[in-house]
Amino acid sequence: MVKQGVLPDEFSKPFWDAANDERLVIQNCKACDRLQHPPLPACRRCGSEDSLEWKEMSGRGTIYNHGVVYDCPVRLLQDDQPFNVAVIMLDDDPGIQMFSHLPGAPVDDVPAGASVEVIFEASANGQKVPEWRVTG
Ligand SMILES: [Zn+2]
């Protein structure tokens with residue numbers, strides 16, 4: 001399914017640029033040794049702006065939970081209703097969570113706790129977005 005286009009801002013641009021290169025990077029505070037997502041101008045814990053770096057993730061995760069969307073306000077997505085929405089916990093840090101439509105997984109037949117790996121799909125404006133595929 002084609003997703004709505006993403007317009008990166010100055011803080012999220014490295015995340016989206018990496019996605020276009022099919023790499024998943026997450027903001028990390030070197031001072032706290034702590035990941036944070038979505039990207040922010042400063043560390044949420046210590047407030048440092050200078051300690052932030054981008055760390056490449058393994059691209060592996062686990063399905064935390066899921067739901068099915070039957071009535072979405074985004075017109076672009078309505079053709080694909082109903083569709084899955086799952087919360088993915090990154091294996092690198094389960095505290096970092098991302099949403100996925102789980103391309104390829106049957107609607108409402110989503111194995112919670114299953115392993116997933118990141119893939120990248122082009123959105124409506126060509127920006128690639130991370131998605132997740134069930135691996136087992
Ligand atoms: Zn910090």
# chains A, B, ... in the order shown; residues from 1 in each chain; ligands from 1
>>> residues_around(residues="Leu35 of chain A", least_positions_apart="3", cutoff="12 Å", atoms="only C-alpha atoms", output="JSON, numbers by chain")
{"A": [25, 26, 27, 28, 29, 30, 31, 32, 38, 39, 40, 42, 43, 44, 45, 51, 52, 53, 54, 55, 56, 57, 90, 92, 93, 94, 95, 96, 97]}
>>> select_by_dssp(residues="chain A", states="alpha helix (DSSP H)", output="MDAnalysis selection string")
chainID A and resid 13:20 75:78
>>> residues_around(residues="Pro41 of chain A", least_positions_apart="3", cutoff="9 Å", atoms="only C-alpha atoms", output="PyMOL selection string")
chain A and resi 10-11+44+47-49+52
>>> atom_distance(atom1="atom CA of Asp9 of chain A", atom2="atom CA of Phe99 of chain A")
19.4 Å
>>> residues_around(residues="Asp80 of chain A", least_positions_apart="5", cutoff="12 Å", atoms="only C-alpha atoms", output="VMD selection string")
chain A and resid 1 to 3 68 to 72 74 to 75 101 103 107
>>> closest_residue(among="A:Gln81, A:Gln4, A:Asn125, A:Ser58", to="Glu22 of chain A", atoms="only C-alpha atoms")
A:Ser58
>>> atom_distance(atom1="atom CA of Ala114 of chain A", atom2="atom CA of Val134 of chain A")
6.8 Å
>>> atom_distance(atom1="atom CA of Val118 of chain A", atom2="atom CA of Pro130 of chain A")
6.3 Å
>>> closest_residue(among="A:Asp50, A:Asp108, A:Asp79, A:Glu121", to="ligand 1", atoms="only C-alpha atoms and all ligand atoms")
A:Asp50
>>> closest_residue(among="A:Gln127, A:Thr135, A:Gln78, A:Asn65", to="Ala112 of chain A", atoms="only C-alpha atoms")
A:Asn65
>>> select_by_dssp(residues="segment 13-135 of chain A", states="strand (DSSP E)", output="PyMOL selection string")
chain A and resi 25-29+34-36+52-56+60-69+83-90+93-100+115-122+128-134
>>> residues_around(residues="Gly67 of chain A", least_positions_apart="3", cutoff="9 Å", atoms="only C-alpha atoms", output="PyMOL selection string")
chain A and resi 83-87+108+110
>>> closest_residue(among="A:Val116, A:Leu76, A:Cys46, A:Ala122", to="ligand 1", atoms="only C-alpha atoms and all ligand atoms")
A:Cys46
>>> closest_residue(among="A:Ser115, A:Arg34, A:Met89, A:Ser12", to="ligand 1", atoms="only C-alpha atoms and all ligand atoms")
A:Arg34
>>> closest_residue(among="A:Pro14, A:Pro8, A:Gly104, A:Gln36", to="ligand 1", atoms="only C-alpha atoms and all ligand atoms")
A:Gln36
